[in-house]
file input17.pdb (PDB, C-alpha atoms)
ATOM      1  CA  ALA H1472      -3.755 -48.777  62.143
ATOM      2  CA  THR H1473      -0.547 -47.449  60.638
ATOM      3  CA  THR H1474      -1.066 -49.537  57.515
ATOM      4  CA  THR H1475      -4.674 -48.356  57.165
ATOM      5  CA  THR H1476      -3.598 -44.716  57.510
ATOM      6  CA  THR H1477      -0.827 -45.127  54.916
ATOM      7  CA  THR H1478      -3.214 -46.782  52.453
ATOM      8  CA  ALA H1479      -5.800 -44.022  52.895
ATOM      9  CA  ALA H1480      -3.157 -41.352  52.334
ATOM     10  CA  ALA H1481      -1.941 -43.067  49.182
ATOM     11  CA  THR H1482      -5.496 -43.346  47.920
ATOM     12  CA  THR H1483      -6.110 -39.660  48.624
ATOM     13  CA  THR H1484      -2.915 -38.707  46.774
ATOM     14  CA  ALA H1485      -3.844 -40.818  43.768
ATOM     15  CA  MET H1486      -7.342 -39.316  43.650
ATOM     16  CA  ALA H1487      -5.884 -35.798  43.787
ATOM     17  CA  ALA H1488      -3.497 -36.548  40.912
ATOM     18  CA  MET H1489      -6.318 -38.010  38.843
ATOM     19  CA  THR H1490      -8.487 -34.954  39.517
ATOM     20  CA  ALA H1491      -5.668 -32.609  38.479
ATOM     21  CA  ALA H1492      -5.110 -34.562  35.269
ATOM     22  CA  MET H1493      -8.799 -34.483  34.397
ATOM     23  CA  THR H1494      -8.896 -30.735  35.067
ATOM     24  CA  THR H1495      -5.959 -30.195  32.706
ATOM     25  CA  ILE H1496      -7.606 -32.269  29.970
ATOM     26  CA  LEU H1497     -10.922 -30.477  30.332
ATOM     27  CA  SER H1498      -9.170 -27.095  30.338
ATOM     28  CA  SER H1499      -7.228 -27.951  27.168
ATOM     29  CA  SER H1500     -10.391 -29.182  25.502
ATOM     30  CA  SER H1501     -12.252 -25.998  26.445
ATOM     31  CA  THR H1502      -9.400 -23.850  25.148
ATOM     32  CA  ALA H1503      -9.383 -25.709  21.837
ATOM     33  CA  ARG H1504     -13.153 -25.376  21.499
ATOM     34  CA  ALA H1505     -12.950 -21.676  22.327
ATOM     35  CA  HIS H1506     -10.202 -21.180  19.716
ATOM     36  CA  ARG H1507     -12.240 -22.961  17.057
ATOM     37  CA  ALA H1508     -15.272 -20.905  17.980
ATOM     38  CA  THR H1509     -13.473 -17.588  17.822
ATOM     39  CA  THR H1510     -11.450 -18.255  14.662
ATOM     40  CA  THR H1511     -13.132 -19.386  11.492
ATOM     41  CA  THR H1512     -11.446 -19.636   8.127
ATOM     42  CA  THR H1513     -13.569 -19.784   5.020
ATOM     43  CA  THR H1514     -10.890 -20.023   2.382
ATOM     44  CA  PRO H1515     -10.986 -19.256  -0.462
ATOM     45  CA  MET H1516     -13.696 -16.665   0.159
ATOM     46  CA  ARG H1517     -12.542 -14.876   3.316
ATOM     47  CA  ALA H1518     -10.516 -15.361   6.440
ATOM     48  CA  LYS H1519     -12.430 -13.963   9.396
ATOM     49  CA  ILE H1520     -11.624 -13.607  13.052
ATOM     50  CA  MET H1521     -14.149 -13.203  15.824
ATOM     51  CA  MET H1522     -12.566 -11.093  18.487
ATOM     52  CA  ASP H1523     -13.805  -9.987  21.891
ATOM     53  CA  ASN H1524     -14.624  -6.318  21.946
ATOM     54  CA  GLY H1525     -12.734  -6.046  25.235
ATOM     55  CA  GLY H1526     -15.232  -3.649  26.862
ATOM     56  CA  ALA H1527     -17.830  -4.097  29.580
ATOM     57  CA  SER H1528     -20.337  -5.474  27.077
ATOM     58  CA  SER H1529     -20.263  -9.236  26.586
ATOM     59  CA  HIS H1530     -21.116  -9.118  22.884
ATOM     60  CA  ARG H1531     -18.560  -9.959  20.243
ATOM     61  CA  ARG H1532     -17.689  -7.785  17.306
ATOM     62  CA  ARG H1533     -16.936  -9.417  13.978
ATOM     63  CA  PHE H1534     -14.535  -7.895  11.520
ATOM     64  CA  ASP H1535     -12.735  -9.068   8.425
ATOM     65  CA  VAL H1536      -9.096  -9.738   8.911
ATOM     66  CA  VAL H1537      -6.022 -10.636   7.106
ATOM     67  CA  ALA H1538      -7.045 -11.765   3.655
ATOM     68  CA  ARG H1539      -9.914 -12.278   1.344
ATOM     69  CA  ALA H1540      -8.608 -14.643  -1.271
ATOM     70  CA  LYS H1541     -11.121 -14.413  -4.038
ATOM     71  CA  THR H1542     -11.344 -17.087  -6.660
ATOM     72  CA  LYS H1543     -12.460 -16.938 -10.193
ATOM     73  CA  GLN H1544     -13.793 -19.782 -12.292
ATOM     74  CA  LYS H1545     -12.018 -19.997 -15.610
ATOM     75  CA  ARG H1546     -13.820 -22.200 -18.087
ATOM     76  CA  ALA H1547     -12.052 -23.617 -21.083
ATOM     77  CA  GLY H1548     -13.998 -23.366 -24.302
ATOM     78  CA  GLY H1549     -14.807 -26.212 -26.633
ATOM     79  CA  GLY H1550     -17.683 -27.998 -28.253
ATOM     80  CA  GLY H1551     -18.450 -30.227 -25.279
ATOM     81  CA  GLY H1552     -17.934 -27.585 -22.606
ATOM     82  CA  GLY H1553     -14.941 -27.234 -20.322
ATOM     83  CA  SER H1554     -13.642 -27.694 -16.834
ATOM     84  CA  GLY H1555     -13.677 -24.986 -14.161
ATOM     85  CA  VAL H1556     -10.390 -24.238 -12.428
ATOM     86  CA  ALA H1557     -10.424 -22.095  -9.271
ATOM     87  CA  THR H1558      -7.372 -19.862  -8.949
ATOM     88  CA  ALA H1559      -6.525 -17.481  -6.134
ATOM     89  CA  GLU H1560      -6.734 -13.953  -7.490
ATOM     90  CA  GLY H1561      -5.841 -11.488  -4.788
ATOM     91  CA  LEU H1562      -5.315 -10.550  -1.187
ATOM     92  CA  TYR H1563      -7.838  -8.249   0.473
ATOM     93  CA  VAL H1564      -6.702  -6.753   3.786
ATOM     94  CA  GLU H1565      -9.082  -4.707   5.908
ATOM     95  CA  MET H1566      -7.684  -2.606   8.754
ATOM     96  CA  ASP H1567      -9.855  -1.197  11.524
ATOM     97  CA  LEU H1568      -7.889   1.902  12.478
ATOM     98  CA  GLU H1569     -10.781   3.703  14.125
ATOM     99  CA  THR H1570     -11.576   1.076  16.753
ATOM    100  CA  ILE H1571      -8.374  -0.939  17.098
ATOM    101  CA  GLY H1572      -5.706   1.430  15.834
ATOM    102  CA  LEU H1573      -2.573   0.817  13.801
ATOM    103  CA  GLU H1574      -0.661  -0.724  16.705
ATOM    104  CA  GLY H1575      -3.113  -3.596  16.853
ATOM    105  CA  GLU H1576      -3.546  -3.908  13.089
ATOM    106  CA  ALA H1577       0.001  -3.467  11.743
ATOM    107  CA  TRP H1578       0.672  -7.227  11.719
ATOM    108  CA  LYS H1579      -1.671  -7.549   8.744
ATOM    109  CA  LEU H1580       0.833  -5.661   6.599
ATOM    110  CA  ASP H1581       3.325  -8.548   6.807
ATOM    111  CA  ALA H1582       1.354 -10.473   4.165
ATOM    112  CA  VAL H1583       1.225  -7.361   1.965
ATOM    113  CA  ALA H1584       4.989  -6.838   2.194
ATOM    114  CA  GLU H1585       5.559 -10.474   1.277
ATOM    115  CA  ALA H1586       3.247 -10.134  -1.730
ATOM    116  CA  ILE H1587       5.245  -7.092  -2.894
ATOM    117  CA  ARG H1588       8.507  -9.032  -2.546
ATOM    118  CA  ARG H1589       7.010 -11.753  -4.760
ATOM    119  CA  GLY H1590       6.267  -9.167  -7.457
ATOM    120  CA  ALA H1591       2.581  -8.491  -6.834
ATOM    121  CA  VAL H1592       1.013  -5.160  -7.742
ATOM    122  CA  GLY H1593      -1.650  -3.851  -5.406
ATOM    123  CA  VAL H1594      -3.456  -0.831  -4.025
ATOM    124  CA  ILE H1595      -2.658   0.875  -0.724
ATOM    125  CA  PRO H1596      -3.901   4.040   0.992
ATOM    126  CA  THR H1597      -1.887   7.240   1.064
ATOM    127  CA  ASP H1598      -2.591  10.593   2.688
ATOM    128  CA  THR H1599      -4.490  11.608  -0.467
ATOM    129  CA  LYS H1600      -5.940   8.871  -2.654
ATOM    130  CA  TYR H1601      -5.501   5.143  -2.989
ATOM    131  CA  ALA H1602      -2.534   4.271  -5.190
ATOM    132  CA  PHE H1603      -1.220   1.336  -7.210
ATOM    133  CA  VAL H1604       2.176   0.219  -5.892
ATOM    134  CA  ALA H1605       4.908  -2.162  -6.999
ATOM    135  CA  ASP H1606       8.477  -3.055  -6.063
ATOM    136  CA  LEU H1607      10.645  -0.332  -7.576
ATOM    137  CA  THR H1608      13.461  -2.831  -8.235
ATOM    138  CA  ASN H1609      11.321  -5.522  -9.890
ATOM    139  CA  ALA H1610      11.037  -4.901 -13.652
ATOM    140  CA  ASP H1611       8.217  -7.432 -14.070
ATOM    141  CA  ALA H1612       6.227  -5.816 -11.262
ATOM    142  CA  VAL H1613       6.672  -2.353 -12.790
ATOM    143  CA  GLN H1614       5.533  -3.740 -16.149
ATOM    144  CA  LYS H1615       2.459  -5.207 -14.469
ATOM    145  CA  LEU H1616       1.678  -1.846 -12.842
ATOM    146  CA  TYR H1617       1.804  -0.128 -16.253
ATOM    147  CA  ASP H1618      -0.412  -2.859 -17.702
ATOM    148  CA  ILE H1619      -3.017  -2.617 -14.926
ATOM    149  CA  LYS H1620      -3.043   1.168 -15.234
ATOM    150  CA  ASN H1621      -3.045   0.859 -19.039
ATOM    151  CA  ALA H1622      -0.316   3.464 -19.130
ATOM    152  CA  GLY H1623       1.848   4.424 -22.089
ATOM    153  CA  LEU H1624       5.598   3.896 -22.109
ATOM    154  CA  ASN H1625       6.318   7.586 -21.589
ATOM    155  CA  LYS H1626       3.911   8.147 -18.714
ATOM    156  CA  PRO H1627       5.764   9.176 -15.541
ATOM    157  CA  LEU H1628       5.243   7.483 -12.192
ATOM    158  CA  SER H1629       6.378   8.525  -8.741
ATOM    159  CA  ILE H1630       7.982   6.689  -5.852
ATOM    160  CA  LEU H1631       6.810   6.487  -2.251
ATOM    161  CA  CYS H1632       9.842   7.169  -0.062
ATOM    162  CA  ARG H1633      10.503   6.219   3.544
ATOM    163  CA  GLY H1634      12.211   9.543   4.218
ATOM    164  CA  PHE H1635      14.605  12.142   2.867
ATOM    165  CA  ALA H1636      17.384   9.534   2.745
ATOM    166  CA  ASP H1637      15.513   7.772  -0.072
ATOM    167  CA  ILE H1638      15.113  11.076  -1.909
ATOM    168  CA  ASP H1639      18.868  11.612  -1.608
ATOM    169  CA  THR H1640      19.503   8.115  -2.991
ATOM    170  CA  TYR H1641      17.210   8.136  -6.015
ATOM    171  CA  THR H1642      17.491  11.806  -7.015
ATOM    172  CA  THR H1643      20.258  14.382  -7.253
ATOM    173  CA  GLY H1644      18.489  16.395  -4.575
ATOM    174  CA  PHE H1645      16.641  19.682  -4.350
ATOM    175  CA  PRO H1646      18.059  22.669  -6.265
ATOM    176  CA  SER H1647      20.430  24.757  -4.202
ATOM    177  CA  ASN H1648      20.472  27.969  -6.266
ATOM    178  CA  PRO H1649      17.055  29.621  -5.975
ATOM    179  CA  LYS H1650      16.350  33.169  -7.015
ATOM    180  CA  ALA H1651      17.899  35.867  -4.860
ATOM    181  CA  GLY H1652      15.993  36.255  -1.622
ATOM    182  CA  ALA H1653      13.955  33.077  -2.145
ATOM    183  CA  THR H1654      13.822  30.299   0.422
ATOM    184  CA  LEU H1655      15.861  27.203  -0.362
ATOM    185  CA  PRO H1656      13.569  24.549  -1.886
ATOM    186  CA  PHE H1657      14.897  21.976   0.547
ATOM    187  CA  LYS H1658      13.788  24.081   3.503
ATOM    188  CA  LEU H1659      10.334  24.487   1.977
ATOM    189  CA  ALA H1660      10.172  20.756   1.300
ATOM    190  CA  LYS H1661      11.003  20.035   4.948
ATOM    191  CA  GLN H1662       7.923  22.051   5.870
ATOM    192  CA  CYS H1663       5.777  20.091   3.414
ATOM    193  CA  LEU H1664       6.941  16.537   4.036
ATOM    194  CA  PRO H1665       5.600  14.185   5.133
ATOM    195  CA  GLY H1666       2.529  15.515   3.377
ATOM    196  CA  PRO H1667       0.390  15.593   0.231
ATOM    197  CA  TYR H1668       3.067  16.776  -2.184
ATOM    198  CA  THR H1669       4.895  15.224  -5.130
ATOM    199  CA  PHE H1670       8.222  16.820  -6.022
ATOM    200  CA  ILE H1671       9.718  16.185  -9.453
ATOM    201  CA  LEU H1672      13.507  16.097  -9.203
ATOM    202  CA  PRO H1673      16.394  15.013 -11.433
ATOM    203  CA  ALA H1674      16.870  11.249 -11.108
ATOM    204  CA  SER H1675      20.143   9.799  -9.927
ATOM    205  CA  LYS H1676      21.909   6.759 -11.377
ATOM    206  CA  GLU H1677      20.535   4.695  -8.483
ATOM    207  CA  LEU H1678      17.011   4.894  -9.879
ATOM    208  CA  PRO H1679      16.406   1.620 -11.759
ATOM    209  CA  LYS H1680      15.818   1.901 -15.468
ATOM    210  CA  VAL H1681      12.254   1.388 -16.567
ATOM    211  CA  CYS H1682      12.144  -1.588 -18.919
ATOM    212  CA  LEU H1683       8.733  -1.933 -20.551
ATOM    213  CA  MET H1684       7.425  -4.025 -23.415
ATOM    214  CA  ASP H1685       6.696  -2.107 -26.572
ATOM    215  CA  LYS H1686       3.387  -3.673 -27.550
ATOM    216  CA  SER H1687       3.368  -1.817 -30.847
ATOM    217  CA  THR H1688       6.154  -4.067 -32.132
ATOM    218  CA  LYS H1689       5.736  -7.650 -33.329
ATOM    219  CA  ASP H1690       8.056  -9.222 -30.765
ATOM    220  CA  LYS H1691       6.969  -6.841 -27.978
ATOM    221  CA  ALA H1692      10.592  -6.331 -27.035
ATOM    222  CA  ARG H1693      11.388  -4.489 -23.843
ATOM    223  CA  GLN H1694      12.589  -0.941 -24.141
ATOM    224  CA  CYS H1695      14.828   0.131 -21.303
ATOM    225  CA  LYS H1696      15.587   3.743 -20.605
ATOM    226  CA  ALA H1697      16.866   5.751 -17.705
ATOM    227  CA  ARG H1698      14.470   8.292 -16.279
ATOM    228  CA  LYS H1699      15.810  11.821 -16.306
ATOM    229  CA  THR H1700      13.380  12.915 -13.617
ATOM    230  CA  VAL H1701      11.249  11.213 -10.980
ATOM    231  CA  GLY H1702       8.404  12.277  -8.723
ATOM    232  CA  VAL H1703       9.042  11.644  -5.045
ATOM    233  CA  ARG H1704       6.558  11.484  -2.178
ATOM    234  CA  ILE H1705       6.721  11.025   1.589
ATOM    235  CA  PRO H1706       3.052  10.508   2.515
ATOM    236  CA  ALA H1707       1.699  11.510   5.906
ATOM    237  CA  CYS H1708      -0.149   8.214   6.220
ATOM    238  CA  ASP H1709       0.688   5.864   9.092
ATOM    239  CA  VAL H1710      -0.292   2.748   7.124
ATOM    240  CA  THR H1711       1.901   3.716   4.167
ATOM    241  CA  THR H1712       4.804   4.436   6.506
ATOM    242  CA  ALA H1713       4.384   1.142   8.372
ATOM    243  CA  LEU H1714       4.396  -0.804   5.104
ATOM    244  CA  LEU H1715       7.458   1.003   3.741
ATOM    245  CA  GLU H1716       9.339   0.189   6.942
ATOM    246  CA  LEU H1717       8.896  -3.513   6.141
ATOM    247  CA  LEU H1718      10.530  -3.121   2.720
ATOM    248  CA  ASP H1719      14.080  -2.576   1.503
ATOM    249  CA  ALA H1720      13.304   0.069  -1.121
ATOM    250  CA  PRO H1721      10.699   2.686  -1.999
ATOM    251  CA  LEU H1722       7.574   1.700  -3.910
ATOM    252  CA  MET H1723       6.770   2.709  -7.456
ATOM    253  CA  CYS H1724       3.304   4.213  -7.343
ATOM    254  CA  SER H1725       0.541   5.705  -9.445
ATOM    255  CA  THR H1726      -2.818   7.048  -8.413
ATOM    256  CA  VAL H1727      -5.907   4.926  -8.952
ATOM    257  CA  PRO H1728      -8.088   6.553 -11.641
ATOM    258  CA  GLU H1729     -11.309   8.261 -10.671
ATOM    259  CA  CYS H1730     -13.396   5.085 -10.706
ATOM    260  CA  ASP H1731     -14.447   5.211  -7.096
ATOM    261  CA  ASP H1732     -12.941   5.858  -3.684
ATOM    262  CA  GLU H1733     -14.609   2.740  -2.290
ATOM    263  CA  PRO H1734     -11.849   0.120  -1.809
ATOM    264  CA  ALA H1735     -14.084  -2.856  -2.606
ATOM    265  CA  VAL H1736     -15.034  -1.257  -5.929
ATOM    266  CA  ILE H1737     -11.382  -0.594  -6.772
ATOM    267  CA  TYR H1738     -10.552  -4.209  -5.957
ATOM    268  CA  ASP H1739     -13.348  -5.626  -8.094
ATOM    269  CA  ASN H1740     -12.587  -3.262 -10.991
ATOM    270  CA  TYR H1741      -8.924  -4.272 -11.262
ATOM    271  CA  LEU H1742      -8.942  -7.859 -10.038
ATOM    272  CA  ALA H1743      -9.340  -9.288 -13.535
ATOM    273  CA  ALA H1744      -6.444  -7.112 -14.757
ATOM    274  CA  GLY H1745      -4.058  -8.801 -12.328
ATOM    275  CA  LEU H1746      -4.357  -6.821  -9.100
ATOM    276  CA  GLY H1747      -2.544  -8.773  -6.396
ATOM    277  CA  PHE H1748      -3.736  -7.155  -3.178
ATOM    278  CA  MET H1749      -5.868  -4.383  -1.677
ATOM    279  CA  VAL H1750      -5.316  -2.653   1.667
ATOM    280  CA  ASP H1751      -8.650  -1.239   2.807
ATOM    281  CA  ILE H1752      -8.766   1.396   5.571
ATOM    282  CA  GLY H1753     -12.054   2.875   4.421
ATOM    283  CA  ALA H1754     -12.777   5.934   2.322
ATOM    284  CA  ARG H1755     -10.006   8.529   2.272
ATOM    285  CA  ALA H1756     -10.660  11.895   3.900
ATOM    286  CA  SER H1757      -9.071  13.802   1.021
ATOM    287  CA  SER H1758     -10.787  13.883  -2.362
ATOM    288  CA  ALA H1759      -7.794  15.562  -4.015
ATOM    289  CA  ALA H1760      -4.536  14.089  -5.213
ATOM    290  CA  SER H1761      -1.187  15.517  -4.175
ATOM    291  CA  THR H1762       0.058  18.938  -5.203
ATOM    292  CA  VAL H1763       2.738  18.393  -7.838
ATOM    293  CA  VAL H1764       5.745  20.739  -7.925
ATOM    294  CA  ASP H1765       8.369  20.452 -10.658
ATOM    295  CA  LEU H1766      11.827  21.390  -9.364
ATOM    296  CA  SER H1767      13.799  19.535 -12.035
ATOM    297  CA  THR H1768      14.981  22.721 -13.767
ATOM    298  CA  GLY H1769      15.766  24.672 -10.618
ATOM    299  CA  ASP H1770      12.769  26.994 -10.435
ATOM    300  CA  ALA H1771       9.565  25.738  -8.844
ATOM    301  CA  ARG H1772       6.650  25.188 -11.181
ATOM    302  CA  VAL H1773       3.305  23.991  -9.840
ATOM    303  CA  LEU H1774       1.955  21.386 -12.266
ATOM    304  CA  ARG H1775      -1.127  20.511 -10.265
ATOM    305  CA  ARG H1776      -2.919  22.177  -7.390
ATOM    306  CA  GLY H1777      -3.985  19.407  -5.049
ATOM    307  CA  ALA H1778      -4.323  18.633  -1.370
ATOM    308  CA  GLY H1779      -1.115  20.472  -0.440
ATOM    309  CA  ASP H1780      -0.908  24.251  -0.339
ATOM    310  CA  PRO H1781       0.578  25.317  -3.687
ATOM    311  CA  ASP H1782       0.902  28.991  -2.811
ATOM    312  CA  MET H1783       4.135  28.511  -0.893
ATOM    313  CA  TRP H1784       5.704  27.316  -4.154
ATOM    314  CA  ALA H1785       4.261  30.071  -6.346
ATOM    315  CA  SER H1786       6.595  32.573  -7.955
ATOM    316  CA  ASP H1787       7.448  35.504  -5.706
ATOM    317  CA  GLU H1788       7.131  37.804  -8.700
ATOM    318  CA  GLY H1789       3.583  36.597  -9.401
ATOM    319  CA  ASP H1790       3.939  37.061 -13.152
ATOM    320  CA  ASP H1791       4.535  33.483 -14.172
ATOM    321  CA  GLU H1792       1.264  31.990 -15.292
ATOM    322  CA  ASP H1793       2.714  28.489 -15.200
ATOM    323  CA  ASP H1794       3.127  28.733 -11.438
ATOM    324  CA  GLY H1795      -0.608  28.891 -10.910
ATOM    325  CA  GLY H1796      -1.813  26.581 -13.672
ATOM    326  CA  ASP H1797      -2.436  22.854 -13.848
ATOM    327  CA  ASP H1798      -0.654  20.599 -16.312
ATOM    328  CA  GLU H1799      -2.623  17.375 -16.001
ATOM    329  CA  ASP H1800      -0.556  15.586 -18.619
ATOM    330  CA  ALA H1801       2.731  16.341 -16.866
ATOM    331  CA  ALA H1802       1.183  15.472 -13.495
ATOM    332  CA  TRP H1803      -0.535  12.325 -14.793
ATOM    333  CA  GLY H1804      -0.338   9.334 -12.506
ATOM    334  CA  PHE H1805       1.075  11.088  -9.445
ATOM    335  CA  ALA H1806      -0.930  10.040  -6.387
TER
END

call {"tool": "encode", "arguments": {"input": "input17.pdb", "output": "structure tokens"}}
result
Amino acid sequence: ATTTTTTAAATTTAMAAMTAAMTTILSSSSTARAHRATTTTTTPMRAKIMMDNGGASSHRRRFDVVARAKTKQKRAGGGGGGSGVATAEGLYVEMDLETIGLEGEAWKLDAVAEAIRRGAVGVIPTDTKYAFVADLTNADAVQKLYDIKNAGLNKPLSILCRGFADIDTYTTGFPSNPKAGATLPFKLAKQCLPGPYTFILPASKELPKVCLMDKSTKDKARQCKARKTVGVRIPACDVTTALLELLDAPLMCSTVPECDDEPAVIYDNYLAAGLGFMVDIGARASSAASTVVDLSTGDARVLRRGAGDPDMWASDEGDDEDDGGDDEDAAWGFA
């Protein structure tokens, strides 16, 4: 009887172990199937993720995620035809800030930061318009930005700063000797930033020289020159701020021309020119670029009335016509 009882117990234990093992295998298999069902990659066209909406409804909401690596067929010419070579052209990142929020979407910016470190030029949102950006310290990237924008050698660009510390590093600072009775420009700037303003200040020696190819010459030699002034911005855009926090330096930037505020259109328009990435957060709320204020000579001069209130920088005397006028050439390219 004792032997029979012991054998039955052993059999029961073995059956229980086998059942547990089968349960683990089935669970792992189900998890793998669920993962494959919820994540589908269709490279090189788009990477998509199917994610549970997380609410009471059982339906799933589909949205485009980290990258849309478009390809372009390049066909070599020749009498007998040619071969088509597919090459990755750009990174398209869509962020759903309205439903998910930045906290749940910020991880997508890691790929953008890495692209910038590799020298890519792309388009990101700001608190005004979408802007071309490139690594400020990468001469080849800056050249590519000028090429994509089709900008002349003397056209000024601005930099997107992480905070006032960057402004202190790359400029000589705000003027400290305003007219008698006037508010210090720095104090006014503190009220404006972060915000839709570009301030033109004297550049410091820390600002990298701009070395661009002179395409009018036969050898297209690079011309390097130090910038005497630079436009600085601290945008009030959470996505811009989050991206800058991933980088070691400010970004050189220039506004996207008035082609369209639709990100997909911007991407398609500049992809062939060498655009490396696009960060899409939807249409921007502001239709105006930043207000541009030139402080490089000491006195404030409003070069462009934009999204920021220019009146606080107008002349107290009210007799300087330049304070209220727009100088589109001087403000060219500032996002």

call {"tool": "resolve_selection", "arguments": {"input": "input17.pdb", "expression": "the PyMOL selection byres ((chain H and resi 1699-1701) around 7)", "output": "ChimeraX atom specification"}}
result
/H:1629,1671-1674,1697-1698,1702-1703,1767

call {"tool": "closest_atom_pairs", "arguments": {"input": "input17.pdb", "of": "range 1656-1738 of chain H", "to": "range 1601-1605 of chain H", "cutoff": "8 Å", "atoms": "only C-alpha atoms", "output": "tab-separated table"}}
result
residue	atom	partner	partner_atom	distance
H:Leu1722	CA	H:Ala1605	CA	5.6
H:Met1723	CA	H:Ala1605	CA	5.2
H:Cys1724	CA	H:Val1604	CA	4.4
H:Ser1725	CA	H:Phe1603	CA	5.2
H:Thr1726	CA	H:Ala1602	CA	4.3
H:Val1727	CA	H:Ala1602	CA	5.1
H:Asp1732	CA	H:Tyr1601	CA	7.5

call {"tool": "closest_residue", "arguments": {"input": "input17.pdb", "among": "H:Ala1584, H:Ala1692, H:Leu1774, H:Cys1632", "to": "Ala1720 in chain H", "atoms": "only C-alpha atoms"}}
result
H:Cys1632

call {"tool": "resolve_selection", "arguments": {"input": "input17.pdb", "expression": "the PyMOL selection byres ((chain H and resi 1740) around 12)", "output": "PDB file with C-alpha atoms, in the coordinates of the input"}}
result
ATOM      1  CA  VAL H1594      -3.456  -0.831  -4.025  1.00  0.00           C
ATOM      2  CA  ILE H1619      -3.017  -2.617 -14.926  1.00  0.00           C
ATOM      3  CA  LYS H1620      -3.043   1.168 -15.234  1.00  0.00           C
ATOM      4  CA  VAL H1727      -5.907   4.926  -8.952  1.00  0.00           C
ATOM      5  CA  PRO H1728      -8.088   6.553 -11.641  1.00  0.00           C
ATOM      6  CA  GLU H1729     -11.309   8.261 -10.671  1.00  0.00           C
ATOM      7  CA  CYS H1730     -13.396   5.085 -10.706  1.00  0.00           C
ATOM      8  CA  ASP H1731     -14.447   5.211  -7.096  1.00  0.00           C
ATOM      9  CA  ASP H1732     -12.941   5.858  -3.684  1.00  0.00           C
ATOM     10  CA  GLU H1733     -14.609   2.740  -2.290  1.00  0.00           C
ATOM     11  CA  PRO H1734     -11.849   0.120  -1.809  1.00  0.00           C
ATOM     12  CA  ALA H1735     -14.084  -2.856  -2.606  1.00  0.00           C
ATOM     13  CA  VAL H1736     -15.034  -1.257  -5.929  1.00  0.00           C
ATOM     14  CA  ILE H1737     -11.382  -0.594  -6.772  1.00  0.00           C
ATOM     15  CA  TYR H1738     -10.552  -4.209  -5.957  1.00  0.00           C
ATOM     16  CA  ASP H1739     -13.348  -5.626  -8.094  1.00  0.00           C
ATOM     17  CA  TYR H1741      -8.924  -4.272 -11.262  1.00  0.00           C
ATOM     18  CA  LEU H1742      -8.942  -7.859 -10.038  1.00  0.00           C
ATOM     19  CA  ALA H1743      -9.340  -9.288 -13.535  1.00  0.00           C
ATOM     20  CA  ALA H1744      -6.444  -7.112 -14.757  1.00  0.00           C
ATOM     21  CA  GLY H1745      -4.058  -8.801 -12.328  1.00  0.00           C
ATOM     22  CA  LEU H1746      -4.357  -6.821  -9.100  1.00  0.00           C
ATOM     23  CA  MET H1749      -5.868  -4.383  -1.677  1.00  0.00           C
TER      24      MET H1749
END

call {"tool": "closest_residue", "arguments": {"input": "input17.pdb", "among": "H:Ala1610, H:Ala1707, H:Ala1771, H:Leu1715", "to": "Cys1695 in chain H", "atoms": "only C-alpha atoms"}}
result
H:Ala1610

call {"tool": "axis_aligned_box", "arguments": {"input": "input17.pdb", "around": "range 1699-1717 of chain H", "padding_each_side": "6 Å", "output": "AutoDock Vina command-line options"}}
result
--center_x 7.8 --center_y 4.7 --center_z -3.6 --size_x 28.1 --size_y 28.4 --size_z 37.4

call {"tool": "atom_distance", "arguments": {"input": "input17.pdb", "atom1": "CA of Ala1651 in chain H", "atom2": "CA of Trp1784 in chain H"}}
result
14.9 Å

call {"tool": "residues_around", "arguments": {"input": "input17.pdb", "residues": "Val1764 in chain H", "least_positions_apart": "5", "cutoff": "6 Å", "atoms": "only C-alpha atoms", "output": "PDB file with C-alpha atoms, keeping the file's coordinate frame"}}
result
ATOM      1  CA  PHE H1670       8.222  16.820  -6.022  1.00  0.00           C
ATOM      2  CA  ARG H1772       6.650  25.188 -11.181  1.00  0.00           C
ATOM      3  CA  VAL H1773       3.305  23.991  -9.840  1.00  0.00           C
ATOM      4  CA  LEU H1774       1.955  21.386 -12.266  1.00  0.00           C
TER       5      LEU H1774
END

call {"tool": "atom_distance", "arguments": {"input": "input17.pdb", "atom1": "CA of Gly1666 in chain H", "atom2": "CA of Cys1682 in chain H"}}
result
29.7 Å

call {"tool": "atom_distance", "arguments": {"input": "input17.pdb", "atom1": "CA of Thr1599 in chain H", "atom2": "CA of Phe1805 in chain H"}}
result
10.6 Å

call {"tool": "resolve_selection", "arguments": {"input": "input17.pdb", "expression": "the PyMOL selection byres ((chain H and resi 1581) around 12)", "output": "MDAnalysis selection string"}}
result
chainID H and resid 1537:1538 1562 1564 1576:1580 1582:1588 1710 1713:1718 1750

call {"tool": "residues_around", "arguments": {"input": "input17.pdb", "residues": "Pro1646 in chain H", "least_positions_apart": "3", "cutoff": "12 Å", "atoms": "all atoms listed in the file", "output": "PyMOL selection string"}}
result
chain H and resi 1642-1643+1649-1650+1653-1660+1670-1673+1765-1771

call {"tool": "closest_residue", "arguments": {"input": "input17.pdb", "among": "H:Asp1598, H:Asp1611, H:Asp1719, H:Glu1565", "to": "Thr1669 in chain H", "atoms": "only C-alpha atoms"}}
result
H:Asp1598

call {"tool": "residues_around", "arguments": {"input": "input17.pdb", "residues": "Ser1761 in chain H", "least_positions_apart": "6", "cutoff": "7 Å", "atoms": "only C-alpha atoms", "output": "list in words"}}
result
Thr1599, Pro1667, Tyr1668, Thr1669, Gly1777, Ala1778, Gly1779 and Ala1806 of chain H

call {"tool": "closest_residue", "arguments": {"input": "input17.pdb", "among": "H:Asn1648, H:Pro1627, H:Ala1622, H:Met1566", "to": "Gly1753 in chain H", "atoms": "all atoms listed in the file"}}
result
H:Met1566

call {"tool": "closest_residue", "arguments": {"input": "input17.pdb", "among": "H:Gly1590, H:Ile1705, H:Phe1748, H:Lys1626", "to": "Gly1561 in chain H", "atoms": "all atoms listed in the file"}}
result
H:Phe1748
